[in-house]
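Before any comments, here is the structure.
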Amino acid sequence: MTIVHTQAQVNKLRCEYLINPIGIDAVNPRLSWHGIDHGSYQLLVATDTAFKSIVWQTKAANDSIQRAYNGKKLEPFTRYYWKVTGWDKKGKQFVSAPAFFETGMMQMKNWKGAWIQDTRDINIKPAPYLRKEFPVAKKIVSARAYIAVAGLYEFFINGERVGDHYLDPAYTRFDRRNLYVTYDVTKQIQPGINAIGVLLGNGWFNHQSTAVWYFDKAPWRNRPSFCMDLRIVYADGTIETISTGKDWKTAPGPVLFNSIYTAEHYDANREIPGWNQPGFVDTAWKNVIYVHAPSNNIVAQSVHPIRFADTIFFKSMHKLSDTNYVFDLGRNIAGITSIKLSGEKGTIVKVKHGERLYKNGHVDQSNIDVHYRPTDSTDPFQTDIYILEGGRTETFRPHFNYKGFQYVEVSSNKNIQLLKDDMTAYFIHSDVPAAGGIASSNTTLNKIWEAANNSYLSNLVGYPTDCPQREKNGWTGDAQINIETGLYNFDGITIYEKWMADHRDEQQPNGVLPSIVPTSGWGYEWATDLTGLLPSPSFPGTCIYFTAIPGACLIVMKISSVM
């Protein structure tokens, strides 16, 4: 008799390196697991939890712990269940708990929604709010929202923010590839009238701040836009899709200005209570306009998302005057702050972030603003601006940016009273799982390791960057040098695979790559003395890209097969 063990010898099942992902587009998704030192295994994939409707099964007598799906053609909008049975070299059997993955659009032709925006004017600063109501009269089995955005967004159903991601979608070369995100919104939809609300931010798509990198001159630059399909499956077997179209309405709101590079300006007097809830009267709102999709390549965002990874309280606060306070976090992070305020209506509060202090106690930005080239004084670097409504305690946290900082200086044009606990910081980065670590009796060594990890995570925001404040650029040399540090400590393969796709988007026909990826066009000639393609002796039929950077080592990157 064979004894079946169901304990943890076959576990950590992943599809495309993610736990139970929904909305994947991979035709042959990679299935991986952690397991025993087995002599063989069997992998089953089915469309039901009882594994009666098998779409693929395979058995192999080797030590592989990853297989690419090779069964029946995967259908869009479908959940597949899978499990692994392993046998050790003595014949003892171990069975994993079942896992699942769910396909998304799979192909561009499956989108039903139109791309919409509020205006084509890229110089308008207030962020657009968009909304639509729809009825639900039948029992729902499941509901999925598929949203593709050129820019950044926050998404609401019936007043509730959907998901825990921040700065979605990840930055890409927008005119060549766009990412969409899938949400399970079954629990958010209610019987009767429902409301969808979307707030759009500029991100890297409509870069209004000016710096040496010329992102304000990017070839893709346009007003933020988006496309959405909300696909509802009812208990009677029918399917309804609520999509973006001309029946959506739009209006500006309290987000007066937003920049991924500098900060956000917010006027609480312009807030629109109930704008994302059913029953809101939007007769004064304008109709949206149709626009073309930013690219013909809209694919699933199959990465570990950016999240609020840690909440950090400030170590100290120094009051310089009734209109000037400086907070010290006690450590350097990439992220944002939340501030609690009370004061007179119309009070203007500036929240300035930096990594150093002058001798007089004020925040010093001279080490991080050297590449900033503002056209005027209305967009101060790493400085959120908030205008109080007054008459209540107000809390402000920006929607569409992040900074690098340890110190925060708050200044106002009228007296305000602040306490240390009125300011909170949030460490923001791609939420990659820890994969390795060290422990030693040497305190200094432990601190160096912690500092290195803190720096690495502060520079992982959907792509690896060089710094979270003055540039936020995906320097290829920096990332190549640091990749071992990252992958020994964190399971960041989804980020790097996404970034390699960014490289393919940016690579010129002759093989040349820019110094930063993604790029608006800057960096194809800078920092390289020697650049080109050579046939690879190790990989027949393949070319390698090489670049020699003055004062640095030769960096070689295998890119693609020669067709």
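Going through the structure tokens in order, the chains are called A, B, and so on, while each chain numbers its residues from 1 and the ligands are numbered from 1 in the order shown.
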Let's see if you can do this: from backbone DSSP, list all strand (DSSP E) residues in range 317-355 of chain A, as a PyMOL selection string. chain A and resi 317-321+324-341+348-354
Can you tell me, as a ChimeraX atom specification, what residues are no more than 6 Å from range 138-151 of chain A when counting only C-alpha atoms, ignoring any on the same chain fewer than 3 positions away? /A:180-186,201-203,205,224-235
Output N, CA and C atoms of each residue in that selection to a file, as a PDB file, in the first residue's frame.
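Here's the written file part_37.pdb:
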```pdb
ATOM      1  N   TYR A 180      -1.765  46.161 -18.706  1.00  0.00           N
ATOM      2  CA  TYR A 180      -3.069  46.233 -18.047  1.00  0.00           C
ATOM      3  C   TYR A 180      -3.050  45.377 -16.788  1.00  0.00           C
ATOM      4  N   VAL A 181      -3.913  45.730 -15.853  1.00  0.00           N
ATOM      5  CA  VAL A 181      -3.983  45.054 -14.560  1.00  0.00           C
ATOM      6  C   VAL A 181      -5.380  44.461 -14.396  1.00  0.00           C
ATOM      7  N   THR A 182      -5.435  43.282 -13.791  1.00  0.00           N
ATOM      8  CA  THR A 182      -6.701  42.586 -13.569  1.00  0.00           C
ATOM      9  C   THR A 182      -7.036  42.572 -12.086  1.00  0.00           C
ATOM     10  N   TYR A 183      -8.303  42.833 -11.766  1.00  0.00           N
ATOM     11  CA  TYR A 183      -8.771  42.820 -10.378  1.00  0.00           C
ATOM     12  C   TYR A 183      -9.980  41.899 -10.250  1.00  0.00           C
ATOM     13  N   ASP A 184     -10.030  41.172  -9.158  1.00  0.00           N
ATOM     14  CA  ASP A 184     -11.233  40.435  -8.781  1.00  0.00           C
ATOM     15  C   ASP A 184     -12.113  41.396  -7.991  1.00  0.00           C
ATOM     16  N   VAL A 185     -13.217  41.833  -8.584  1.00  0.00           N
ATOM     17  CA  VAL A 185     -14.083  42.820  -7.942  1.00  0.00           C
ATOM     18  C   VAL A 185     -15.459  42.234  -7.621  1.00  0.00           C
ATOM     19  N   THR A 186     -15.514  40.916  -7.494  1.00  0.00           N
ATOM     20  CA  THR A 186     -16.797  40.249  -7.229  1.00  0.00           C
ATOM     21  C   THR A 186     -17.465  40.802  -5.980  1.00  0.00           C
ATOM     22  N   GLY A 201      -3.544  59.894 -13.342  1.00  0.00           N
ATOM     23  CA  GLY A 201      -2.361  60.696 -13.084  1.00  0.00           C
ATOM     24  C   GLY A 201      -1.410  60.671 -14.261  1.00  0.00           C
ATOM     25  N   ASN A 202      -0.476  61.619 -14.291  1.00  0.00           N
ATOM     26  CA  ASN A 202       0.433  61.761 -15.427  1.00  0.00           C
ATOM     27  C   ASN A 202       1.482  60.665 -15.506  1.00  0.00           C
ATOM     28  N   GLY A 203       2.107  60.340 -14.370  1.00  0.00           N
ATOM     29  CA  GLY A 203       3.213  59.397 -14.384  1.00  0.00           C
ATOM     30  C   GLY A 203       4.274  59.835 -15.381  1.00  0.00           C
ATOM     31  N   PHE A 205       3.926  59.244 -18.536  1.00  0.00           N
ATOM     32  CA  PHE A 205       3.261  59.376 -19.825  1.00  0.00           C
ATOM     33  C   PHE A 205       3.107  60.839 -20.246  1.00  0.00           C
ATOM     34  N   PRO A 224      -3.290  61.794 -20.038  1.00  0.00           N
ATOM     35  CA  PRO A 224      -3.590  60.424 -19.594  1.00  0.00           C
ATOM     36  C   PRO A 224      -4.924  59.921 -20.139  1.00  0.00           C
ATOM     37  N   SER A 225      -4.962  58.634 -20.481  1.00  0.00           N
ATOM     38  CA  SER A 225      -6.163  58.003 -21.009  1.00  0.00           C
ATOM     39  C   SER A 225      -6.234  56.576 -20.504  1.00  0.00           C
ATOM     40  N   PHE A 226      -7.378  55.942 -20.685  1.00  0.00           N
ATOM     41  CA  PHE A 226      -7.485  54.555 -20.237  1.00  0.00           C
ATOM     42  C   PHE A 226      -8.584  53.813 -20.973  1.00  0.00           C
ATOM     43  N   CYS A 227      -8.499  52.488 -20.831  1.00  0.00           N
ATOM     44  CA  CYS A 227      -9.494  51.579 -21.392  1.00  0.00           C
ATOM     45  C   CYS A 227      -9.824  50.552 -20.324  1.00  0.00           C
ATOM     46  N   MET A 228     -11.097  50.220 -20.164  1.00  0.00           N
ATOM     47  CA  MET A 228     -11.503  49.255 -19.132  1.00  0.00           C
ATOM     48  C   MET A 228     -12.616  48.353 -19.620  1.00  0.00           C
ATOM     49  N   ASP A 229     -12.527  47.094 -19.251  1.00  0.00           N
ATOM     50  CA  ASP A 229     -13.625  46.138 -19.386  1.00  0.00           C
ATOM     51  C   ASP A 229     -13.912  45.545 -18.019  1.00  0.00           C
ATOM     52  N   LEU A 230     -15.144  45.687 -17.558  1.00  0.00           N
ATOM     53  CA  LEU A 230     -15.591  45.045 -16.319  1.00  0.00           C
ATOM     54  C   LEU A 230     -16.488  43.883 -16.730  1.00  0.00           C
ATOM     55  N   ARG A 231     -15.958  42.674 -16.597  1.00  0.00           N
ATOM     56  CA  ARG A 231     -16.633  41.480 -17.113  1.00  0.00           C
ATOM     57  C   ARG A 231     -17.337  40.751 -15.966  1.00  0.00           C
ATOM     58  N   ILE A 232     -18.664  40.691 -16.050  1.00  0.00           N
ATOM     59  CA  ILE A 232     -19.482  40.101 -14.983  1.00  0.00           C
ATOM     60  C   ILE A 232     -20.093  38.798 -15.473  1.00  0.00           C
ATOM     61  N   VAL A 233     -19.893  37.732 -14.709  1.00  0.00           N
ATOM     62  CA  VAL A 233     -20.505  36.433 -14.990  1.00  0.00           C
ATOM     63  C   VAL A 233     -21.642  36.219 -13.998  1.00  0.00           C
ATOM     64  N   TYR A 234     -22.855  36.010 -14.527  1.00  0.00           N
ATOM     65  CA  TYR A 234     -24.023  35.843 -13.664  1.00  0.00           C
ATOM     66  C   TYR A 234     -24.312  34.364 -13.414  1.00  0.00           C
ATOM     67  N   ALA A 235     -25.113  34.114 -12.379  1.00  0.00           N
ATOM     68  CA  ALA A 235     -25.441  32.742 -11.982  1.00  0.00           C
ATOM     69  C   ALA A 235     -26.226  32.006 -13.064  1.00  0.00           C
TER      70      ALA A 235
END
```
Excluding Lys420 in chain A and any residue of its chain fewer than 6 positions from it, enumerate the residues within 9 Å of it, using only C-alpha atoms, and give them as JSON, numbers by chain. {"A": [313, 314, 315, 316, 317, 318, 327]}
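Compared by their closest atoms to Tyr372 in chain A, and using only C-alpha atoms, the residues A:Arg30, A:Arg161, A:Arg392, A:Arg470 rank with A:Arg470 nearest.
Using only C-alpha atoms, the nearest neighbour of Met500 in chain A within the list A:Ser338, A:Asn453, A:Thr172, A:Ser458 is A:Thr172.
Using only C-alpha atoms, the shortest contact distance between Pro468 in chain A and any of A:Glu497, A:Asp422, A:Glu355, A:Asp379 is found at A:Glu355.
Considering the residues A:Tyr166, A:Trp87, A:Tyr456, A:Phe381 and counting only C-alpha atoms, Ile481 in chain A has its shortest atom-to-atom contact with A:Tyr456.
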Counting only C-alpha atoms, what is within 8 Å of Phe156 in chain A, bar same-chain residues fewer than 3 positions away, as JSON, numbers by chain? {"A": [159, 160, 161, 162, 196, 197, 198, 276]}
How about saving the chosen residues, N, CA and C atoms kept, as a PDB file, in the first residue's frame?
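Now in out04.pdb:
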```
ATOM      1  N   GLY A 159     -17.280  53.801  -4.258  1.00  0.00           N
ATOM      2  CA  GLY A 159     -16.566  54.583  -3.264  1.00  0.00           C
ATOM      3  C   GLY A 159     -15.383  53.907  -2.629  1.00  0.00           C
ATOM      4  N   GLU A 160     -15.184  52.625  -2.919  1.00  0.00           N
ATOM      5  CA  GLU A 160     -14.088  51.865  -2.313  1.00  0.00           C
ATOM      6  C   GLU A 160     -12.935  51.723  -3.304  1.00  0.00           C
ATOM      7  N   ARG A 161     -11.728  52.077  -2.852  1.00  0.00           N
ATOM      8  CA  ARG A 161     -10.562  51.929  -3.719  1.00  0.00           C
ATOM      9  C   ARG A 161     -10.307  50.445  -3.956  1.00  0.00           C
ATOM     10  N   VAL A 162     -10.084  50.072  -5.212  1.00  0.00           N
ATOM     11  CA  VAL A 162      -9.887  48.675  -5.580  1.00  0.00           C
ATOM     12  C   VAL A 162      -8.392  48.353  -5.577  1.00  0.00           C
ATOM     13  N   ILE A 196     -18.541  53.286 -10.948  1.00  0.00           N
ATOM     14  CA  ILE A 196     -17.104  53.138 -11.153  1.00  0.00           C
ATOM     15  C   ILE A 196     -16.494  54.535 -11.175  1.00  0.00           C
ATOM     16  N   GLY A 197     -15.385  54.695 -10.481  1.00  0.00           N
ATOM     17  CA  GLY A 197     -14.658  55.953 -10.509  1.00  0.00           C
ATOM     18  C   GLY A 197     -13.190  55.709 -10.814  1.00  0.00           C
ATOM     19  N   VAL A 198     -12.608  56.528 -11.661  1.00  0.00           N
ATOM     20  CA  VAL A 198     -11.188  56.414 -12.009  1.00  0.00           C
ATOM     21  C   VAL A 198     -10.559  57.798 -11.944  1.00  0.00           C
ATOM     22  N   ASN A 276     -17.397  59.107  -6.697  1.00  0.00           N
ATOM     23  CA  ASN A 276     -17.224  57.708  -7.123  1.00  0.00           C
ATOM     24  C   ASN A 276     -18.263  56.783  -6.501  1.00  0.00           C
TER      25      ASN A 276
END
```
Would you list the contacts of range 239-254 of chain A as a PyMOL selection string, taking every protein, DNA or RNA residue within 6 Å and counting only C-alpha atoms, but skipping same-chain residues closer than 6 positions in sequence? chain A and resi 113-114+126-132+227-233+266-268+270-271+285-288
Save the residues we just selected, C-alpha atoms, as an mmCIF file, in the first residue's frame?
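Result file part_20.cif:
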```cif
data_model
loop_
_atom_site.group_PDB
_atom_site.id
_atom_site.type_symbol
_atom_site.label_atom_id
_atom_site.label_comp_id
_atom_site.auth_asym_id
_atom_site.auth_seq_id
_atom_site.Cartn_x
_atom_site.Cartn_y
_atom_site.Cartn_z
ATOM 1 C CA GLY A 113 -13.790 49.081 -24.303
ATOM 2 C CA ALA A 114 -12.656 52.255 -26.050
ATOM 3 C CA PRO A 126 -5.589 69.304 -12.879
ATOM 4 C CA ALA A 127 -5.977 65.520 -12.906
ATOM 5 C CA PRO A 128 -9.158 64.158 -14.518
ATOM 6 C CA TYR A 129 -11.813 62.306 -12.547
ATOM 7 C CA LEU A 130 -13.992 59.927 -14.587
ATOM 8 C CA ARG A 131 -17.101 57.995 -13.639
ATOM 9 C CA LYS A 132 -19.936 55.764 -14.825
ATOM 10 C CA CYS A 227 -9.494 51.579 -21.392
ATOM 11 C CA MET A 228 -11.503 49.255 -19.132
ATOM 12 C CA ASP A 229 -13.625 46.138 -19.386
ATOM 13 C CA LEU A 230 -15.591 45.045 -16.319
ATOM 14 C CA ARG A 231 -16.633 41.480 -17.113
ATOM 15 C CA ILE A 232 -19.482 40.101 -14.983
ATOM 16 C CA VAL A 233 -20.505 36.433 -14.990
ATOM 17 C CA TYR A 266 -3.816 69.431 -3.883
ATOM 18 C CA ASP A 267 -6.609 71.888 -3.052
ATOM 19 C CA ALA A 268 -9.015 70.422 -0.485
ATOM 20 C CA ARG A 270 -12.084 71.468 -4.702
ATOM 21 C CA GLU A 271 -12.893 68.027 -3.366
ATOM 22 C CA TRP A 285 -19.605 66.973 -15.769
ATOM 23 C CA LYS A 286 -18.412 66.857 -19.378
ATOM 24 C CA ASN A 287 -18.491 64.007 -21.849
ATOM 25 C CA VAL A 288 -15.255 62.112 -22.445
#
```
Glu471 in chain A environment, 9 Å, only C-alpha atoms, sequence neighbours closer than 3 positions dropped, as a ChimeraX atom specification: /A:211,213,261,368-369,371-372,465-468,474
One decimal, in Å: what's the spacing between CA of Ile428 in chain A and CA of Ala263 in chain A? 14.9 Å
Taking a cut-off of 10 Å and counting only C-alpha atoms, can you build a table that, for each residue of range 239-293 of chain A near range 398-415 of chain A, reports the nearest atom pair and how far apart they are in Å (one decimal), sorted by chain then residue number, as a Markdown table?
```
| residue | atom | partner | partner_atom | distance |
| --- | --- | --- | --- | --- |
| A:Val255 | CA | A:His399 | CA | 8.7 |
| A:Phe257 | CA | A:Phe400 | CA | 9.8 |
| A:Asn258 | CA | A:Phe400 | CA | 6.4 |
| A:Ser259 | CA | A:Asn401 | CA | 6.2 |
| A:Ile260 | CA | A:Asn401 | CA | 4.3 |
| A:Tyr261 | CA | A:Asn401 | CA | 6.9 |
| A:Thr262 | CA | A:Asn401 | CA | 7.4 |
| A:Ala263 | CA | A:Asn401 | CA | 5.9 |
| A:Glu264 | CA | A:Pro398 | CA | 6.1 |
| A:His265 | CA | A:Pro398 | CA | 8.3 |
| A:Tyr266 | CA | A:Pro398 | CA | 8.3 |
```
One decimal place gives the CA of Gly437 in chain A-CA of Trp33 in chain A separation as 20.5 Å
